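Structure file input-v3.cif; described as mmCIF, C-alpha atoms.
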```cif
data_input
#
loop_
_atom_site.label_atom_id
_atom_site.label_comp_id
_atom_site.auth_asym_id
_atom_site.auth_seq_id
_atom_site.Cartn_x
_atom_site.Cartn_y
_atom_site.Cartn_z
CA MET L 10 65.28 32.08 -17.53
CA SER L 11 68.17 30.03 -18.88
CA THR L 12 67.79 28.53 -22.32
CA ASN L 13 69.97 25.61 -21.27
CA VAL L 14 68.53 22.23 -20.32
CA GLY L 15 67.84 21.97 -16.59
CA ILE L 16 69.20 19.20 -14.37
CA VAL L 17 67.35 17.54 -11.49
CA ILE L 18 69.11 15.18 -9.08
CA VAL L 19 66.97 12.69 -7.19
CA SER L 20 68.49 10.50 -4.49
CA HIS L 21 67.10 8.49 -1.59
CA SER L 22 69.43 10.58 0.55
CA PRO L 23 69.13 14.38 0.66
CA ASP L 24 72.84 14.51 1.49
CA VAL L 25 73.79 12.60 -1.66
CA ALA L 26 71.45 14.73 -3.81
CA LYS L 27 72.77 17.99 -2.40
CA GLY L 28 76.37 16.82 -2.65
CA ALA L 29 75.97 15.84 -6.28
CA ALA L 30 74.27 19.17 -7.01
CA ASP L 31 77.17 21.02 -5.32
CA MET L 32 79.61 19.22 -7.61
CA VAL L 33 77.62 20.11 -10.71
CA ARG L 34 77.35 23.73 -9.60
CA GLN L 35 81.07 24.00 -8.96
CA MET L 36 81.98 22.42 -12.29
CA VAL L 37 79.51 24.11 -14.61
CA GLY L 38 78.69 27.36 -12.85
CA ASP L 39 75.34 29.08 -12.84
CA ASP L 40 74.44 28.62 -16.51
CA VAL L 41 72.40 25.50 -15.92
CA PRO L 42 69.11 25.44 -13.99
CA LEU L 43 69.73 22.90 -11.25
CA ALA L 44 67.61 21.42 -8.48
CA TRP L 45 67.86 18.42 -6.18
CA CYS L 46 65.63 16.50 -3.86
CA GLY L 47 66.03 13.52 -1.59
CA GLY L 48 64.29 11.80 1.28
CA ALA L 49 60.89 10.18 1.70
CA PRO L 50 57.75 12.24 2.38
CA GLY L 51 58.04 13.17 6.04
CA GLY L 52 61.73 12.29 6.24
CA GLY L 53 63.96 9.23 6.18
CA LEU L 54 65.65 7.68 3.17
CA GLY L 55 63.43 7.55 0.10
CA THR L 56 62.02 9.79 -2.58
CA SER L 57 58.87 11.85 -2.88
CA VAL L 58 56.80 12.37 -6.03
CA GLU L 59 55.75 15.77 -4.74
CA ALA L 60 59.34 16.83 -4.08
CA ILE L 61 60.44 15.59 -7.51
CA MET L 62 57.68 17.61 -9.20
CA ALA L 63 58.75 20.67 -7.23
CA ALA L 64 62.40 20.13 -8.20
CA ILE L 65 61.45 19.84 -11.90
CA ASP L 66 59.64 23.14 -11.52
CA ARG L 67 62.67 24.81 -9.90
CA ALA L 68 65.01 23.57 -12.63
CA TRP L 69 62.51 24.23 -15.42
CA SER L 70 63.82 25.33 -18.76
CA GLU L 71 61.97 25.61 -22.04
CA ALA L 72 64.73 23.35 -23.41
CA GLY L 73 63.60 20.64 -21.00
CA VAL L 74 64.89 18.91 -17.89
CA ALA L 75 67.14 15.86 -17.47
CA ILE L 76 66.70 13.86 -14.27
CA LEU L 77 69.42 11.77 -12.66
CA VAL L 78 68.29 9.13 -10.14
CA ASP L 79 70.09 6.77 -7.82
CA LEU L 80 68.10 3.56 -7.26
CA GLY L 81 64.81 1.84 -8.15
CA GLY L 82 62.29 3.86 -6.17
CA ALA L 83 63.85 7.14 -7.28
CA GLU L 84 63.33 6.11 -10.89
CA THR L 85 59.76 4.86 -10.40
CA ASN L 86 58.80 7.95 -8.44
CA SER L 87 60.42 10.19 -11.08
CA GLU L 88 58.43 8.45 -13.83
CA MET L 89 55.29 9.00 -11.78
CA ALA L 90 56.18 12.68 -11.26
CA ILE L 91 56.72 13.17 -15.00
CA GLU L 92 53.33 11.64 -15.77
CA MET L 93 51.68 14.04 -13.36
CA LEU L 94 53.19 17.13 -15.01
CA PRO L 95 51.04 19.41 -17.18
CA ASP L 96 50.76 18.17 -20.80
CA GLU L 97 52.97 20.91 -22.20
CA ARG L 98 55.86 19.94 -19.92
CA ARG L 99 55.61 16.16 -19.80
CA ASP L 100 57.36 15.47 -23.11
CA ARG L 101 60.28 17.69 -22.23
CA VAL L 102 61.50 15.78 -19.17
CA VAL L 103 63.68 12.67 -19.42
CA ILE L 104 65.31 10.32 -16.93
CA CYS L 105 68.94 9.50 -17.72
CA ASN L 106 69.98 5.90 -17.27
CA ALA L 107 73.31 6.84 -15.69
CA PRO L 108 75.08 6.87 -12.31
CA VAL L 109 73.71 9.78 -10.32
CA VAL L 110 76.90 11.72 -9.48
CA GLU L 111 78.89 11.16 -12.67
CA GLY L 112 75.76 11.41 -14.79
CA ALA L 113 74.76 14.72 -13.23
CA VAL L 114 78.19 16.20 -13.85
CA MET L 115 78.30 14.96 -17.46
CA ALA L 116 74.73 16.08 -18.14
CA GLY L 117 75.39 19.45 -16.51
CA THR L 118 78.52 19.98 -18.58
CA GLU L 119 76.69 19.13 -21.79
CA ALA L 120 73.74 21.31 -20.81
CA SER L 121 76.00 24.27 -20.09
CA ALA L 122 77.17 24.10 -23.73
CA GLY L 123 73.61 24.72 -24.85
CA SER L 124 73.01 21.20 -26.17
CA PRO L 125 69.46 19.93 -26.69
CA LEU L 126 67.81 17.56 -24.20
CA GLU L 127 68.42 14.34 -26.16
CA HIS L 128 72.09 15.20 -26.48
CA VAL L 129 72.35 15.90 -22.76
CA ARG L 130 70.79 12.55 -21.98
CA ARG L 131 73.05 10.68 -24.41
CA THR L 132 76.14 12.23 -22.93
CA ALA L 133 75.14 11.15 -19.42
CA GLU L 134 74.25 7.67 -20.63
CA GLU L 135 77.54 7.17 -22.47
CA LEU L 136 79.03 6.58 -19.04
CA ARG L 137 77.36 3.20 -19.02
CA ALA L 138 79.38 1.99 -21.97
CA ALA L 139 82.67 3.36 -20.63
CA MET U 31 28.77 -1.57 -2.16
CA ASN U 32 27.56 0.56 0.73
CA GLN U 33 29.60 3.23 2.44
CA ALA U 34 30.10 1.25 5.65
CA THR U 35 31.60 -1.67 3.74
CA LEU U 36 33.84 0.64 1.75
CA ARG U 37 35.05 2.27 4.95
CA ARG U 38 35.75 -1.11 6.55
CA LEU U 39 37.64 -2.23 3.44
CA ILE U 40 39.87 0.83 3.45
CA THR U 41 40.57 0.69 7.19
CA GLY U 42 40.91 -3.10 7.20
CA VAL U 43 43.50 -3.10 4.43
CA ALA U 44 45.38 -0.15 5.92
CA GLU U 45 45.43 -1.59 9.45
CA THR U 46 46.60 -4.99 8.21
CA VAL U 47 49.47 -3.53 6.22
CA ILE U 48 50.47 -1.28 9.13
CA ALA U 49 50.33 -4.22 11.58
CA HIS U 50 52.68 -6.23 9.35
CA ALA U 51 55.15 -3.42 8.71
CA GLU U 52 57.94 -5.10 10.68
CA GLU U 53 57.47 -8.40 8.92
CA LEU U 54 57.54 -6.71 5.50
CA THR U 55 60.64 -4.78 6.46
CA ALA U 56 62.35 -7.98 7.63
CA LEU U 57 61.57 -9.66 4.29
CA ASP U 58 62.90 -6.62 2.46
CA GLN U 59 66.06 -6.53 4.57
CA ALA U 60 66.84 -10.05 3.32
CA ILE U 61 66.73 -9.21 -0.39
CA GLY U 62 65.94 -5.51 -0.84
CA ASP U 63 66.78 -2.27 0.88
CA GLY U 64 64.71 -2.90 3.99
CA ASP U 65 62.20 -0.12 3.57
CA HIS U 66 59.09 -1.88 2.25
CA GLY U 67 57.31 -2.18 5.60
CA LEU U 68 58.19 1.35 6.69
CA ASN U 69 57.15 2.81 3.33
CA MET U 70 53.88 0.91 3.14
CA LYS U 71 53.12 1.89 6.74
CA ARG U 72 53.68 5.56 5.95
CA GLY U 73 51.48 5.30 2.85
CA PHE U 74 48.61 3.49 4.54
CA GLU U 75 48.75 5.82 7.55
CA ALA U 76 48.09 8.61 5.05
CA VAL U 77 45.22 6.56 3.61
CA LEU U 78 43.78 6.08 7.13
CA ALA U 79 44.06 9.77 7.90
CA GLU U 80 41.81 10.52 4.90
CA VAL U 81 39.32 7.70 5.40
CA ASP U 82 36.37 9.93 6.41
CA LYS U 83 36.68 11.78 3.13
CA THR U 84 37.59 8.79 0.96
CA ALA U 85 34.85 6.45 2.21
CA ALA U 86 32.20 9.04 1.31
CA LEU U 87 33.20 8.81 -2.36
CA PRO U 88 31.87 6.34 -4.93
CA PRO U 89 34.11 3.20 -4.92
CA ALA U 90 35.80 4.12 -8.21
CA ASP U 91 36.80 7.53 -6.85
CA ALA U 92 37.74 6.11 -3.44
CA LEU U 93 40.14 3.67 -5.13
CA GLN U 94 41.74 6.48 -7.11
CA ALA U 95 42.09 8.67 -4.02
CA THR U 96 43.68 5.76 -2.14
CA GLY U 97 46.09 5.19 -5.02
CA MET U 98 47.03 8.85 -5.14
CA ALA U 99 47.72 8.90 -1.38
CA LEU U 100 50.06 5.93 -1.80
CA VAL U 101 51.83 7.55 -4.75
CA MET U 102 52.44 10.75 -2.80
CA LYS U 103 53.28 9.32 0.62
CA VAL U 104 55.01 5.93 0.34
CA GLY U 105 58.46 7.21 -0.64
CA GLY U 106 59.68 4.07 -2.42
CA ALA U 107 58.91 2.19 -5.62
CA SER U 108 55.97 0.49 -3.91
CA GLY U 109 54.20 3.89 -3.85
CA PRO U 110 53.82 4.23 -7.63
CA LEU U 111 53.31 0.45 -7.96
CA TYR U 112 50.52 0.05 -5.42
CA GLY U 113 49.27 3.55 -6.23
CA THR U 114 48.97 2.60 -9.89
CA LEU U 115 47.21 -0.65 -8.94
CA PHE U 116 44.52 1.19 -6.97
CA MET U 117 44.20 4.12 -9.38
CA ALA U 118 43.89 1.87 -12.43
CA LEU U 119 41.39 -0.35 -10.60
CA GLY U 120 39.33 2.76 -9.82
CA LYS U 121 39.51 3.97 -13.41
CA ALA U 122 38.34 0.60 -14.74
CA TRP U 123 35.76 0.02 -11.96
CA PRO U 124 32.56 -1.43 -13.51
CA ALA U 125 29.29 0.48 -13.36
CA THR U 126 27.59 -2.68 -12.16
CA LEU U 127 29.73 -4.70 -9.80
CA ASP U 128 29.80 -8.37 -10.73
CA ARG U 129 32.51 -10.99 -10.99
CA ALA U 130 33.24 -10.46 -14.68
CA GLY U 131 33.34 -6.68 -14.31
CA LEU U 132 35.59 -6.89 -11.27
CA ALA U 133 37.92 -9.33 -13.05
CA ASP U 134 38.18 -7.06 -16.09
CA ALA U 135 38.96 -4.06 -13.88
CA PHE U 136 41.53 -6.07 -11.93
CA ALA U 137 43.11 -7.22 -15.22
CA ALA U 138 43.40 -3.58 -16.33
CA ALA U 139 44.99 -2.69 -12.98
CA ILE U 140 47.51 -5.53 -13.29
CA ASP U 141 48.43 -4.35 -16.80
CA ALA U 142 49.02 -0.86 -15.41
CA VAL U 143 51.32 -2.27 -12.70
CA LYS U 144 53.24 -4.24 -15.34
CA ALA U 145 53.74 -1.07 -17.38
CA ARG U 146 54.73 0.97 -14.33
CA GLY U 147 57.23 -1.62 -13.11
CA LYS U 148 58.33 -2.74 -16.61
CA SER U 149 57.74 -6.21 -15.28
CA GLU U 150 55.85 -9.44 -15.87
CA ALA U 151 54.81 -12.36 -13.71
CA GLY U 152 57.70 -14.71 -12.95
CA MET U 153 60.17 -12.00 -11.92
CA LYS U 154 59.60 -12.37 -8.16
CA THR U 155 57.38 -9.34 -7.59
CA MET U 156 53.86 -8.46 -6.46
CA LEU U 157 52.70 -9.54 -9.94
CA ASP U 158 53.36 -13.13 -8.94
CA VAL U 159 50.49 -12.85 -6.46
CA LEU U 160 48.19 -10.55 -8.45
CA THR U 161 48.28 -12.69 -11.60
CA PRO U 162 47.16 -15.97 -9.96
CA LEU U 163 44.52 -14.02 -8.03
CA LEU U 164 43.08 -12.79 -11.31
CA ALA U 165 43.05 -16.35 -12.67
CA GLU U 166 41.25 -17.58 -9.54
CA LEU U 167 38.75 -14.72 -9.78
CA ARG U 168 38.04 -15.58 -13.41
CA ALA U 169 37.75 -19.28 -12.54
CA GLY U 170 34.92 -18.52 -10.12
CA GLY U 171 36.89 -18.99 -6.91
CA ASP U 172 35.21 -17.94 -3.64
CA LEU U 173 36.98 -16.03 -0.85
CA ALA U 174 38.43 -19.21 0.63
CA ARG U 175 40.00 -20.16 -2.69
CA LEU U 176 41.26 -16.62 -3.27
CA ARG U 177 42.93 -16.74 0.15
CA VAL U 178 44.63 -20.03 -0.70
CA ALA U 179 45.70 -18.66 -4.08
CA ALA U 180 47.25 -15.56 -2.47
CA THR U 181 49.12 -17.45 0.24
CA THR U 182 50.32 -20.15 -2.16
CA ALA U 183 51.45 -17.59 -4.72
CA ALA U 184 53.40 -15.55 -2.17
CA GLU U 185 55.11 -18.72 -0.92
CA ALA U 186 55.90 -19.67 -4.49
CA THR U 187 58.12 -16.57 -4.77
CA VAL U 188 60.54 -18.07 -2.21
CA PRO U 189 62.46 -20.30 -4.68
CA MET U 190 62.25 -17.72 -7.48
CA LYS U 191 65.19 -15.66 -8.67
CA ALA U 192 64.45 -11.94 -8.78
CA ILE U 193 64.55 -10.36 -12.25
CA ARG U 194 63.05 -6.97 -11.36
CA GLY U 195 63.30 -4.71 -8.34
CA ARG U 196 66.16 -4.18 -5.93
CA ALA U 197 66.31 -7.91 -5.20
CA SER U 198 67.49 -8.51 -8.78
CA PHE U 199 70.84 -6.95 -7.79
CA LEU U 200 71.39 -10.07 -5.66
CA GLY U 201 70.94 -12.54 -8.54
CA ASP U 202 70.98 -16.10 -7.21
CA ARG U 203 71.17 -14.83 -3.63
CA SER U 204 67.57 -13.64 -3.95
CA ILE U 205 66.54 -17.32 -4.07
CA GLY U 206 65.20 -18.67 -0.77
CA HIS U 207 63.39 -15.55 0.42
CA MET U 208 59.77 -14.54 -0.03
CA ASP U 209 59.33 -11.38 -2.10
CA PRO U 210 58.14 -8.54 0.18
CA GLY U 211 55.81 -7.14 -2.49
CA ALA U 212 54.26 -10.56 -3.04
CA ARG U 213 53.74 -10.82 0.72
CA SER U 214 52.11 -7.38 0.97
CA SER U 215 49.80 -8.20 -1.96
CA SER U 216 48.78 -11.42 -0.24
CA LEU U 217 48.19 -9.54 3.04
CA ILE U 218 45.93 -7.05 1.25
CA LEU U 219 43.85 -9.85 -0.29
CA HIS U 220 43.44 -11.50 3.13
CA ALA U 221 42.45 -8.16 4.67
CA ILE U 222 39.80 -7.66 1.97
CA ALA U 223 38.51 -11.20 2.55
CA ASP U 224 38.37 -10.60 6.33
CA VAL U 225 36.13 -7.55 5.85
CA LEU U 226 33.87 -9.16 3.24
CA GLU U 227 33.36 -12.20 5.48
CA GLU U 228 32.73 -10.07 8.57
CA GLN U 229 30.23 -7.93 6.66
CA HIS U 230 28.62 -11.00 5.02
CA VAL U 231 28.97 -9.28 1.67
CA VAL U 232 29.66 -12.49 -0.21
#
```

Please rewrite the model in this file as structure tokens.
Amino acid sequence: MSTNVGIVIVSHSPDVAKGAADMVRQMVGDDVPLAWCGGAPGGGLGTSVEAIMAAIDRAWSEAGVAILVDLGGAETNSEMAIEMLPDERRDRVVICNAPVVEGAVMAGTEASAGSPLEHVRRTAEELRAA
Amino acid sequence: MNQATLRRLITGVAETVIAHAEELTALDQAIGDGDHGLNMKRGFEAVLAEVDKTAALPPADALQATGMALVMKVGGASGPLYGTLFMALGKAWPATLDRAGLADAFAAAIDAVKARGKSEAGMKTMLDVLTPLLAELRAGGDLARLRVAATTAAEATVPMKAIRGRASFLGDRSIGHMDPGARSSSLILHAIADVLEEQHVV
């Protein structure tokens, strides 16, 4: 298992989530655990708490997981998913307040350097000030 | 509350929301992303599918199971928001059901929704219906007055400017439309009142 922070991409659209994940993968290689999910339970645009929890599990790293979300429901459902995680994982997952594509690439780049979770989040969120 | 009433409450609320899915979606298309009706329909269809199991539970557990179904199946922000409302209501459900106990549980549920949505009343959300309903409940209002409070409160969101939720992206352009979440909260109250009146519970 990688010791680098994992990245999860959550979008209302599976196409957007997968596309963003492809970009991260191409730019940072295989050193970062990476998972994406998108679409409502049963299909259509939206997000699924269950799918987000599964994505966190796929991207799990002992260093924690940073989640990038697109719009409102993706954030609320991600918060819900984090709360439903086992105690020992809950405190090691954060949602980055950053644009989903750019944020994922920045977070992935930072994570690939072995930076801790808080640092990964800050790097993604610096985009907001730019 | 007996099992038949609980079952009617669950199915009544679910069927009402499902029947108004198009209206909720139309409201959401005006100021949101147009998925509120569809999402709520998907969530309450999941609730309906489980009703045999859920209605056999004690009310507190039935509320939590309903909330969990909404969390898992809605697909939008309204899933965690309504899911939290029902789950928190179940958690705080009084051992002996009376007005004060119900009001306290409802207050706890509203606080949980505020925390989940990082929101307060006055931001053009479902809280703008739930909060006046709590006040009416505490003031001793009967079903007729609760109905009026719900309808009036939902209509009162029309001139409001959205501060939270997708509608807040529109700023002043959110003014002039009823909030879809306020409307769905009002619909749920009316559905509950329909069942309680039909069952002569109150």

Measuring atom to atom with only C-alpha atoms, identify which of U:Lys121, U:His50, U:Arg194, U:His220 is nearest to Ala138 in chain U.
-> U:Lys121

Could you list as JSON, numbers by chain every residue that has an atom within 6 Å of (29.0, -5.1, -6.6), using the file's coordinates and counting only C-alpha atoms?
-> {"U": [31, 127, 128]}

Could you expand the PyMOL selection byres ((chain U) within 8 of (chain L)) into the explicit residues it covers here, written as a list in words?
-> Val101, Met102, Lys103, Val104, Gly105, Gly106, Ala107, Ser108, Gly109, Pro110, Arg146, Gly147, Gly195 and Arg196 of chain U

Kindly resolve the PyMOL selection byres ((chain L and resi 24-41) around 7) on the present coordinates and return the residues as an MDAnalysis selection string.
-> chainID L and resid 11 13:15 18:20 22:23 42:43 45:47 110 113:114 117:118 120:121

To one decimal in Å, tell me the separation between CA of Leu176 in chain U and CA of Ala79 in chain U.
->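 These atoms are spaced 28.8 Å apart.
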
Name the residues that the PyMOL selection byres ((chain U and resi 84-98) around 10) picks from the file above, as a ChimeraX atom specification, using the file's chain letters and numbers.
-> /U:31-41,73-74,76-83,99-103,109-125

For CA of Val17 in chain L and CA of Asp65 in chain U, the interatomic separation in Å (one decimal) |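 CA of Asp65 in chain U lies at a distance of 23.8 Å from CA of Val17 in chain L.
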
Best match for closeness to Gly67 in chain U among U:Ala151, U:Val47, U:Ala221, U:Val188, counting only C-alpha atoms | U:Val47

Separation of CA of Val159 in chain U and CA of Ala130 in chain U, in Å?
->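 CA of Ala130 in chain U lies at a distance of 19.3 Å from CA of Val159 in chain U.
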
Size and centre in Å, one decimal, axis-aligned box, all listed range 130-146 of chain U atoms plus 3 Å per side, as AutoDock Vina command-line options:
```
--center_x 44.0 --center_y -4.7 --center_z -14.3 --size_x 27.5 --size_y 17.4 --size_z 12.1
```

Test item: residues at most 12 Å from range 55-57 of chain U, only C-alpha atoms, excluding those fewer than 4 positions along its chain, as a ChimeraX atom specification | /U:47-51,61-71,184,187-188,197,204,206-214

Shortest interatomic distance to Thr182 in chain U - which of U:Ser198, U:Thr161, U:Thr155, U:Ser216, counting all atoms listed in the file |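 With all atoms listed in the file as the atom set, the closest residue is U:Ser216.
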